[in-house]
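Just work-v5.csv here, CSV, C-alpha atoms:
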```csv
chain,number,residue,atom,x,y,z
X,162,MET,CA,-11.4,112.3,63.9
X,163,THR,CA,-14.8,113.7,64.7
X,164,LYS,CA,-16.6,114.0,61.4
X,165,PRO,CA,-20.2,114.5,60.5
X,166,MET,CA,-22.5,111.5,61.0
X,167,ASP,CA,-23.3,111.1,57.2
X,168,GLN,CA,-19.6,110.8,56.4
X,169,ILE,CA,-18.9,107.9,58.7
X,170,SER,CA,-19.0,104.7,56.5
X,171,TRP,CA,-19.7,101.2,57.7
X,172,ARG,CA,-16.1,100.2,57.2
X,173,GLU,CA,-15.0,102.5,60.1
X,174,ILE,CA,-17.4,101.1,62.6
X,175,ASP,CA,-16.0,98.9,65.3
X,176,THR,CA,-17.1,95.3,65.9
X,177,GLY,CA,-20.0,94.9,68.2
X,178,ALA,CA,-21.3,98.4,67.5
X,179,VAL,CA,-19.0,99.8,70.1
X,180,ILE,CA,-18.4,103.6,69.8
X,181,THR,CA,-14.8,104.1,70.8
X,182,GLU,CA,-14.5,107.9,70.5
X,183,PRO,CA,-16.1,109.6,73.6
X,184,GLY,CA,-18.3,112.6,73.0
X,185,ASN,CA,-18.2,112.5,69.2
X,186,ALA,CA,-21.8,113.8,69.1
X,187,SER,CA,-20.2,117.2,69.2
X,188,CYS,CA,-19.8,117.0,65.4
X,189,TYR,CA,-23.6,117.6,65.2
X,190,HIS,CA,-24.3,121.2,65.5
X,191,THR,CA,-27.6,121.7,67.4
X,192,GLY,CA,-27.4,125.4,66.9
X,193,THR,CA,-29.2,125.0,63.6
X,194,TRP,CA,-32.4,124.4,65.6
X,195,ARG,CA,-32.4,127.9,67.1
X,196,SER,CA,-35.0,130.5,66.3
X,197,GLN,CA,-34.0,132.9,69.0
X,198,ARG,CA,-30.5,134.0,70.0
X,199,PRO,CA,-29.3,135.1,73.4
X,200,LYS,CA,-27.8,138.6,73.5
X,201,TYR,CA,-25.3,139.2,76.3
X,202,ASP,CA,-24.6,142.6,77.9
X,203,SER,CA,-21.3,142.4,79.8
X,204,ASN,CA,-21.9,145.8,81.4
X,205,ILE,CA,-25.0,144.6,83.3
X,206,CYS,CA,-23.7,141.1,84.0
X,207,ILE,CA,-22.6,140.5,87.6
X,208,ARG,CA,-20.7,137.3,86.8
X,209,CYS,CA,-22.8,135.0,89.1
X,210,TRP,CA,-22.3,131.9,86.9
X,211,ARG,CA,-26.0,131.1,86.9
X,212,CYS,CA,-26.3,130.9,83.1
X,213,PHE,CA,-23.3,128.6,83.0
X,214,VAL,CA,-24.8,126.3,85.6
X,215,MET,CA,-28.3,126.2,84.2
X,216,CYS,CA,-27.4,125.7,80.5
X,217,PRO,CA,-28.7,122.2,79.4
X,218,ASP,CA,-26.4,122.2,76.3
X,219,ALA,CA,-23.2,123.3,78.1
X,220,ALA,CA,-23.0,126.0,75.4
X,221,ILE,CA,-21.9,128.8,77.8
X,222,SER,CA,-18.3,129.1,78.9
X,223,PRO,CA,-16.4,131.6,80.9
X,224,ASP,CA,-13.6,133.7,79.2
X,225,PHE,CA,-11.3,134.6,82.1
X,226,ASP,CA,-9.0,136.7,80.0
X,227,LYS,CA,-11.8,138.9,78.6
X,228,ASN,CA,-13.8,138.7,81.8
X,229,VAL,CA,-17.0,137.8,80.0
X,230,PHE,CA,-19.1,134.7,79.4
X,231,SER,CA,-19.2,133.5,75.8
X,232,TRP,CA,-21.9,131.5,74.0
X,233,ASN,CA,-21.1,128.7,71.6
X,234,TYR,CA,-23.6,129.3,68.9
X,235,ASP,CA,-22.8,126.0,67.3
X,236,TYR,CA,-24.6,124.2,70.1
X,237,CYS,CA,-26.9,126.9,71.7
X,238,LYS,CA,-30.5,125.7,70.9
X,239,GLY,CA,-32.0,129.1,71.9
X,240,CYS,CA,-34.1,127.7,74.7
X,241,GLY,CA,-33.9,131.0,76.6
X,242,ILE,CA,-33.2,129.5,80.1
X,243,CYS,CA,-30.2,131.7,80.5
X,244,ALA,CA,-32.2,134.9,79.7
X,245,HIS,CA,-35.0,133.8,82.0
X,246,GLU,CA,-32.8,132.8,84.9
X,247,CYS,CA,-30.4,135.8,84.8
X,248,PRO,CA,-31.0,137.7,88.0
X,249,VAL,CA,-30.1,141.1,86.5
X,250,GLU,CA,-31.5,140.6,83.0
X,251,ALA,CA,-28.1,140.9,81.3
X,252,ILE,CA,-29.2,138.4,78.7
X,253,THR,CA,-32.1,139.1,76.3
X,254,MET,CA,-33.5,136.9,73.5
X,255,GLU,CA,-33.7,138.3,70.0
X,256,GLU,CA,-34.8,136.8,66.7
X,257,ASP,CA,-32.0,135.0,65.0
G,259,MET,CA,-17.9,152.1,92.5
G,260,ALA,CA,-14.9,150.1,93.5
G,261,GLU,CA,-17.0,147.5,95.0
G,262,THR,CA,-19.1,147.0,91.9
G,263,GLU,CA,-15.9,146.7,89.8
G,264,LYS,CA,-14.7,144.0,92.2
G,265,ASN,CA,-17.9,142.1,91.9
G,266,LYS,CA,-17.7,142.1,88.1
G,267,VAL,CA,-14.6,139.9,87.8
G,268,ILE,CA,-15.2,136.3,87.0
G,269,LYS,CA,-14.0,134.2,89.9
G,270,PRO,CA,-13.6,130.5,89.5
G,271,ILE,CA,-16.7,128.7,90.5
G,272,LYS,CA,-16.6,126.6,93.7
G,273,ASN,CA,-17.8,123.0,94.1
G,274,PHE,CA,-18.8,122.7,90.5
G,275,ALA,CA,-16.6,120.8,88.0
G,276,MET,CA,-15.7,122.6,84.8
G,277,GLN,CA,-15.2,119.4,82.9
G,278,GLU,CA,-18.3,118.3,80.8
G,279,TYR,CA,-19.1,114.6,80.9
G,280,ILE,CA,-22.0,114.8,78.6
G,281,SER,CA,-20.8,116.8,75.6
G,282,SER,CA,-22.7,119.4,73.6
G,283,GLY,CA,-24.4,118.2,70.5
G,284,HIS,CA,-27.0,115.9,72.2
G,285,ARG,CA,-30.5,116.0,70.7
G,286,ALA,CA,-32.5,117.0,73.8
G,287,CYS,CA,-35.4,119.3,73.3
G,288,GLN,CA,-34.9,123.0,73.8
G,289,GLY,CA,-34.9,123.7,77.5
G,290,CYS,CA,-34.7,120.1,78.7
G,291,ALA,CA,-34.1,120.1,82.4
G,292,GLU,CA,-33.5,116.3,82.4
G,293,VAL,CA,-30.3,116.6,80.5
G,294,LEU,CA,-29.4,119.4,82.9
G,295,ALA,CA,-30.0,117.1,85.8
G,296,VAL,CA,-27.7,114.4,84.2
G,297,ARG,CA,-25.0,117.1,83.6
G,298,HIS,CA,-25.1,118.0,87.3
G,299,VAL,CA,-25.1,114.4,88.4
G,300,LEU,CA,-22.1,113.5,86.3
G,301,LYS,CA,-20.2,116.6,87.4
G,302,ALA,CA,-20.8,115.7,91.0
G,303,ILE,CA,-19.5,112.1,90.5
G,304,GLY,CA,-16.4,112.8,88.4
G,305,PRO,CA,-14.6,110.9,85.7
G,306,ASP,CA,-14.2,107.6,87.5
G,307,MET,CA,-17.6,106.1,86.8
G,308,ILE,CA,-19.4,103.5,84.8
G,309,LEU,CA,-22.9,104.3,83.7
G,310,ALA,CA,-25.6,101.8,82.8
G,311,MET,CA,-28.6,103.4,81.3
G,312,ALA,CA,-32.1,102.2,80.6
G,313,THR,CA,-33.9,103.1,77.4
G,314,GLY,CA,-35.6,106.5,77.7
G,315,CYS,CA,-35.2,110.1,76.8
G,316,MET,CA,-31.6,110.4,78.0
G,317,GLU,CA,-30.5,107.3,76.0
G,318,ILE,CA,-32.3,108.4,72.8
G,319,ILE,CA,-31.0,111.9,72.8
G,320,SER,CA,-27.4,111.1,73.7
G,321,SER,CA,-26.6,108.1,71.4
G,322,PRO,CA,-27.9,108.2,67.9
G,323,TYR,CA,-25.6,105.6,66.4
G,324,PRO,CA,-22.7,106.0,65.5
G,325,LEU,CA,-22.4,109.1,67.7
G,326,THR,CA,-22.3,109.4,71.5
G,327,SER,CA,-22.5,112.4,73.8
G,328,TRP,CA,-20.9,110.6,76.7
G,329,ASN,CA,-17.3,111.2,77.8
G,330,ILE,CA,-17.5,108.4,80.3
G,331,PRO,CA,-17.9,104.6,79.9
G,332,TRP,CA,-21.5,104.2,79.2
G,333,ILE,CA,-23.7,101.1,78.3
G,334,HIS,CA,-27.2,101.2,77.0
G,335,VAL,CA,-29.3,98.4,78.2
G,336,ALA,CA,-33.0,97.4,77.7
G,337,PHE,CA,-35.8,99.2,79.5
G,338,GLU,CA,-36.0,96.8,82.4
G,339,ASN,CA,-32.5,96.0,83.4
G,340,ALA,CA,-30.4,99.0,84.1
G,341,ALA,CA,-30.2,98.1,87.8
G,342,ALA,CA,-29.4,94.5,87.0
G,343,VAL,CA,-26.6,95.4,84.6
G,344,ALA,CA,-25.1,97.9,87.1
G,345,SER,CA,-25.2,95.1,89.7
G,346,GLY,CA,-23.3,92.9,87.3
G,347,VAL,CA,-20.7,95.5,86.5
G,348,GLU,CA,-20.2,96.1,90.2
G,349,SER,CA,-19.8,92.4,91.0
G,350,GLY,CA,-17.6,91.8,88.0
G,351,LEU,CA,-15.3,94.6,88.9
G,352,LYS,CA,-15.1,93.2,92.4
G,353,ALA,CA,-14.1,89.8,91.1
G,354,LEU,CA,-11.5,91.2,88.7
G,355,ARG,CA,-10.0,93.3,91.4
G,356,ARG,CA,-9.7,90.3,93.7
G,357,LYS,CA,-7.8,88.4,90.9
G,358,GLY,CA,-5.6,91.5,90.3
G,359,ARG,CA,-6.8,91.9,86.7
G,360,VAL,CA,-7.8,95.5,87.1
G,361,PRO,CA,-6.1,98.2,89.2
G,362,ASP,CA,-7.5,98.7,92.6
G,363,ARG,CA,-9.2,102.0,92.1
G,364,ASP,CA,-12.4,103.4,93.4
G,365,VAL,CA,-14.9,103.4,90.5
G,366,THR,CA,-18.5,104.6,91.0
G,367,ILE,CA,-21.1,102.5,89.3
G,368,VAL,CA,-24.2,104.4,88.4
G,369,ALA,CA,-27.5,103.1,87.0
G,370,MET,CA,-29.8,105.6,85.5
G,371,GLY,CA,-33.3,105.4,84.2
G,372,GLY,CA,-36.3,107.6,83.5
G,373,ASP,CA,-39.5,107.3,85.4
G,374,GLY,CA,-40.8,104.6,83.1
G,375,GLY,CA,-37.6,102.6,83.4
G,376,THR,CA,-37.7,102.9,87.2
G,377,THR,CA,-41.2,103.0,88.5
G,378,ASP,CA,-42.8,100.7,85.9
G,379,ILE,CA,-40.6,98.5,83.8
G,380,GLY,CA,-37.3,98.4,85.7
G,381,PHE,CA,-39.0,98.1,89.1
G,382,GLN,CA,-38.2,94.5,90.0
G,383,ALA,CA,-34.5,94.8,88.8
G,384,LEU,CA,-34.2,97.9,91.0
G,385,SER,CA,-35.8,96.1,93.9
G,386,GLY,CA,-33.4,93.2,93.5
G,387,MET,CA,-30.4,95.5,93.3
G,388,MET,CA,-31.3,97.2,96.5
G,389,GLU,CA,-32.1,93.9,98.3
G,390,ARG,CA,-28.8,92.3,97.3
G,391,GLY,CA,-26.9,95.4,98.5
G,392,HIS,CA,-24.7,96.2,95.5
G,393,ARG,CA,-22.7,99.4,95.8
G,394,VAL,CA,-24.5,101.3,93.0
G,395,ILE,CA,-26.1,104.7,92.8
G,396,TYR,CA,-29.4,104.5,91.1
G,397,VAL,CA,-30.6,107.8,89.6
G,398,CYS,CA,-34.1,108.2,88.5
G,399,VAL,CA,-34.7,111.2,86.3
G,400,ASP,CA,-38.4,111.7,86.6
G,401,ASN,CA,-40.3,113.7,84.0
G,402,GLU,CA,-43.6,112.3,85.0
G,403,ALA,CA,-44.6,110.4,81.8
G,404,TYR,CA,-43.0,108.4,78.9
G,405,MET,CA,-41.9,111.6,77.1
G,406,ASN,CA,-39.6,109.9,74.6
G,407,THR,CA,-42.4,107.9,72.9
G,408,GLY,CA,-45.0,110.7,72.9
G,409,ILE,CA,-46.2,111.5,76.5
G,410,GLN,CA,-47.9,108.3,77.7
G,411,ARG,CA,-48.8,108.0,81.3
G,412,SER,CA,-46.5,106.1,83.7
G,413,SER,CA,-47.0,105.3,87.3
G,414,SER,CA,-45.1,108.4,88.2
G,415,THR,CA,-47.6,110.7,86.5
G,416,PRO,CA,-49.3,112.9,89.1
G,417,PHE,CA,-53.1,113.2,89.6
G,418,GLY,CA,-54.8,115.5,87.2
G,419,ALA,CA,-52.1,115.6,84.4
G,420,THR,CA,-53.3,114.9,80.9
G,421,THR,CA,-51.2,112.7,78.7
G,422,THR,CA,-52.0,111.1,75.4
G,423,THR,CA,-53.0,107.8,77.1
G,424,SER,CA,-54.9,109.5,79.9
G,425,PRO,CA,-56.6,112.4,78.2
G,426,ALA,CA,-59.1,114.6,80.0
G,427,GLY,CA,-62.6,114.1,78.8
G,428,ARG,CA,-66.1,113.1,79.7
G,429,VAL,CA,-65.3,109.8,81.3
G,430,LYS,CA,-62.2,110.9,83.1
G,431,PRO,CA,-62.5,114.6,83.7
G,432,ALA,CA,-59.2,115.0,85.5
G,433,GLY,CA,-57.1,113.1,83.0
G,434,GLU,CA,-54.8,110.9,85.1
G,435,MET,CA,-56.9,109.7,88.0
G,436,THR,CA,-54.3,108.0,90.1
G,437,TRP,CA,-51.6,109.4,92.4
G,438,LYS,CA,-47.9,109.3,91.9
G,439,LYS,CA,-46.0,106.3,93.2
G,440,ASP,CA,-43.8,107.2,96.1
G,441,MET,CA,-40.6,105.7,95.0
G,442,VAL,CA,-38.3,107.1,97.7
G,443,ALA,CA,-40.4,105.6,100.4
G,444,ILE,CA,-40.4,102.3,98.6
G,445,ALA,CA,-36.6,102.5,98.2
G,446,ALA,CA,-36.2,103.5,101.9
G,447,ALA,CA,-38.4,100.5,102.9
G,448,HIS,CA,-35.7,98.2,101.4
G,449,GLY,CA,-33.5,99.4,104.3
G,450,ILE,CA,-30.9,100.9,101.9
G,451,PRO,CA,-28.4,103.4,103.4
G,452,TYR,CA,-29.3,106.4,101.4
G,453,ALA,CA,-32.3,107.6,99.4
G,454,ALA,CA,-33.2,111.1,98.5
G,455,THR,CA,-35.1,113.4,96.2
G,456,ALA,CA,-33.5,116.3,94.3
G,457,CYS,CA,-34.2,118.8,91.6
G,458,PRO,CA,-31.7,120.5,89.2
G,459,THR,CA,-33.1,123.9,90.1
G,460,PHE,CA,-31.4,123.4,93.5
G,461,PHE,CA,-28.1,122.2,92.1
G,462,THR,CA,-26.0,122.5,95.2
G,463,ASP,CA,-28.5,120.3,97.1
G,464,LEU,CA,-28.5,117.8,94.2
G,465,GLN,CA,-24.7,117.7,94.0
G,466,LYS,CA,-24.4,117.3,97.8
G,467,LYS,CA,-26.8,114.4,97.7
G,468,ILE,CA,-24.9,112.7,94.9
G,469,GLN,CA,-21.6,113.0,96.7
G,470,LYS,CA,-23.2,111.6,99.8
G,471,ALA,CA,-24.6,108.7,97.8
G,472,LYS,CA,-21.1,108.1,96.4
G,473,GLU,CA,-19.5,107.8,99.8
G,474,VAL,CA,-22.2,105.3,101.1
G,475,ASP,CA,-21.2,101.6,101.2
G,476,GLY,CA,-24.2,100.0,99.7
G,477,PRO,CA,-27.1,100.9,97.3
G,478,SER,CA,-28.4,104.4,97.1
G,479,TYR,CA,-31.4,105.8,95.3
G,480,ILE,CA,-31.8,109.4,94.1
G,481,HIS,CA,-35.1,110.6,92.6
G,482,ILE,CA,-34.7,113.7,90.5
G,483,LEU,CA,-37.6,115.8,89.3
G,484,SER,CA,-36.7,117.0,85.8
G,485,VAL,CA,-39.1,119.4,84.2
G,486,CYS,CA,-40.0,118.5,80.6
G,487,PRO,CA,-41.2,121.5,78.6
G,488,THR,CA,-42.5,119.4,75.8
G,489,GLY,CA,-44.6,117.0,77.8
G,490,TRP,CA,-45.7,119.5,80.4
G,491,ARG,CA,-46.6,122.0,77.7
G,492,ILE,CA,-44.7,124.9,79.1
G,493,PRO,CA,-42.4,127.4,77.3
G,494,PRO,CA,-38.8,126.0,77.2
G,495,ASN,CA,-37.3,128.9,79.1
G,496,LYS,CA,-39.4,128.2,82.2
G,497,ALA,CA,-38.1,124.7,82.9
G,498,ILE,CA,-36.0,125.9,85.9
G,499,GLU,CA,-38.8,128.1,87.3
G,500,TYR,CA,-41.2,125.2,87.4
G,501,GLY,CA,-38.7,123.1,89.3
G,502,GLN,CA,-38.6,125.8,91.9
G,503,LEU,CA,-42.4,126.0,92.0
G,504,ALA,CA,-42.8,122.2,92.4
G,505,VAL,CA,-40.6,122.3,95.5
G,506,ASP,CA,-42.1,125.5,97.0
G,507,THR,CA,-45.7,124.3,96.5
G,508,GLY,CA,-45.0,121.0,98.2
G,509,VAL,CA,-45.7,118.9,95.1
G,510,PHE,CA,-42.1,117.6,95.1
G,511,PRO,CA,-40.5,118.1,98.5
G,512,LEU,CA,-36.8,117.8,98.9
G,513,TYR,CA,-35.8,115.2,101.5
G,514,GLU,CA,-33.4,112.5,102.2
G,515,VAL,CA,-33.5,109.2,104.1
G,516,GLU,CA,-30.1,108.4,105.6
G,517,LYS,CA,-29.9,105.1,107.4
G,518,GLY,CA,-33.6,105.2,108.2
G,519,VAL,CA,-33.5,108.8,109.4
G,520,TRP,CA,-35.8,111.1,107.4
G,521,LYS,CA,-34.7,114.7,106.9
G,522,LEU,CA,-36.3,117.6,105.1
G,523,ASN,CA,-33.8,119.6,103.1
G,524,ARG,CA,-35.9,122.5,102.1
G,525,LYS,CA,-38.8,123.8,104.2
G,526,PRO,CA,-40.5,126.8,102.9
G,527,LYS,CA,-42.1,128.9,105.7
G,528,GLU,CA,-45.4,128.7,104.0
G,529,LEU,CA,-46.3,126.5,101.0
G,530,LYS,CA,-47.4,128.4,97.9
G,531,PRO,CA,-50.9,127.6,96.6
G,532,ILE,CA,-50.9,124.7,94.1
G,533,SER,CA,-52.7,126.9,91.5
G,534,GLU,CA,-49.4,128.8,91.0
G,535,TYR,CA,-47.7,125.6,89.9
G,536,PHE,CA,-50.7,124.6,87.7
G,537,LYS,CA,-50.9,128.0,86.0
G,538,GLY,CA,-49.2,128.0,82.7
G,539,GLN,CA,-48.8,124.2,82.5
G,540,GLY,CA,-50.8,122.9,79.5
G,541,ARG,CA,-51.2,119.4,81.0
G,542,TYR,CA,-53.3,120.9,83.9
G,543,ARG,CA,-55.3,123.3,81.8
G,544,HIS,CA,-58.6,121.3,82.1
G,545,LEU,CA,-58.6,121.3,85.9
G,546,ASP,CA,-61.5,123.2,87.5
G,547,GLU,CA,-61.8,124.7,91.0
G,548,LYS,CA,-63.1,121.5,92.5
G,549,PHE,CA,-60.2,119.3,91.3
G,550,THR,CA,-57.7,122.0,92.2
G,551,SER,CA,-58.9,122.2,95.8
G,552,GLU,CA,-59.1,118.4,96.0
G,553,ILE,CA,-55.4,118.2,94.9
G,554,GLN,CA,-54.5,121.0,97.2
G,555,ASP,CA,-56.0,119.1,100.2
G,556,LYS,CA,-54.1,116.0,99.3
G,557,ILE,CA,-50.8,117.8,98.7
G,558,THR,CA,-51.1,119.6,102.1
G,559,GLU,CA,-52.0,116.3,103.8
G,560,LYS,CA,-49.0,114.6,102.3
G,561,TRP,CA,-46.7,117.5,103.2
G,562,ASN,CA,-47.9,117.6,106.8
G,563,LYS,CA,-47.3,113.8,107.0
G,564,LEU,CA,-43.8,114.2,105.6
G,565,VAL,CA,-43.0,117.1,108.0
G,566,LYS,CA,-44.2,115.0,110.9
G,567,PHE,CA,-42.1,112.1,109.6
G,568,CYS,CA,-38.9,114.2,109.4
G,569,GLU,CA,-39.1,115.6,112.9
```
Please express what this file holds, its structure, as structure tokens.
Amino acid sequence: MTKPMDQISWREIDTGAVITEPGNASCYHTGTWRSQRPKYDSNICIRCWRCFVMCPDAAISPDFDKNVFSWNYDYCKGCGICAHECPVEAITMEED
Amino acid sequence: MAETEKNKVIKPIKNFAMQEYISSGHRACQGCAEVLAVRHVLKAIGPDMILAMATGCMEIISSPYPLTSWNIPWIHVAFENAAAVASGVESGLKALRRKGRVPDRDVTIVAMGGDGGTTDIGFQALSGMMERGHRVIYVCVDNEAYMNTGIQRSSSTPFGATTTTSPAGRVKPAGEMTWKKDMVAIAAAHGIPYAATACPTFFTDLQKKIQKAKEVDGPSYIHILSVCPTGWRIPPNKAIEYGQLAVDTGVFPLYEVEKGVWKLNRKPKELKPISEYFKGQGRYRHLDEKFTSEIQDKITEKWNKLVKFCE
């Protein structure tokens, strides 16, 4: 039932201000904050998982079928940690 | 060629949970290493946990009402009593289990606070929790000032850092003129079974320590250095790098105290000069040669003392 914050009315709120739905902040897309976008080159990537481990927004996920990492641009804030930490520079930041 | 092809297949990651317990969509600043530390801590503990959190950055960014980023039972409490509430949760669960009202299952109780909620405001509640011996993991995510309200000094702010309430100027040329409170030593002095420092840059070390703390029967204290790009005035993409520098220069050594035995977890062959850590950080921009060498002397002295202690 995750819906945007401004569409939740006071009638739907539980007694005692308890939030009963875990992780419903995912309806808020922090990707709109981004000014730079990571660009991923799967040919250079050595699949070391470092970008996945170091992403503060958990926006990077592995795609085992396609054998690549994929970025969720709904949540990626464009901080550039993945590009900076990549040991082989497979990720570069470009203007969004 | 065949070897490179083999290396380029994604293998499942070991010792790192895929499940996210703090969901995306939280409002942390770009490049926040504190939320990264929380992500690693939660992954190390797993789904069976109850988290009591003091006010601070992590509470503000994760729970703008009516939304929450947490996928685990989470309670927000006032600034001073995260440890007290966690103690209550632990005792309450114990009583309910004895009466057979809740299933007998191992649930980890975690209390979490920022450096303000731990070293300043929540200090007596934390001390009480450790003294009473509740089985709680207390995690302090230390970004070295009250970042959430606009970079005010806390007792965890290191010497020489400028904050909005300790600005560098004519009267106080170094900015913050006092040294950082040594929380792990204070926690260890309570005689608790486990106390340690950690940093999300060294995530395997961090997760190992959290799992150790989870197994311990009694209170445990983990002090995590979490780099804050906003408050430290560094570019957001360098948050992980500065964690590495803090450890390698000896500013924030990684060590653990297990049942009174001190152990150094990362011992660089030679400490890097402190100027490497200061370079690029806006909060240390005003420091001149004299202050830098003064701080270097003190850091080296502290490091040598710690190495001696850990032998």
Within 12 Å of (-50.3, 129.8, 95.2) (file coordinates; only C-alpha atoms), which protein or nucleic acid residues are there? I'd like them as a PyMOL selection string. chain G and resi 503-504+506-509+528-537+550-551+554
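Compared by their closest atoms to chain X, and using all atoms listed in the file, the residues G:Leu483, G:Ala342, G:Ile268, G:Ala302 rank with G:Ile268 nearest.
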Contact residues (chain G, partner chain X, 9 Å, all atoms listed in the file) as a ChimeraX atom specification: /G:262,265-271,274,278-295,297-298,320-331,458-459,461,493-499
Give me, as a ChimeraX atom specification, all polymer residues having an atom no more than 9 Å from stretch 399-404 of chain G, counting only C-alpha atoms and skipping those fewer than 5 positions away in the same chain. /G:292,295-296,314-316,370-374,376,409-416,421,438,480-486,489-490
Would you work out the distance separating atom CA of G:Phe381 from atom CA of G:His334, expressed in Å to one decimal? 17.2 Å
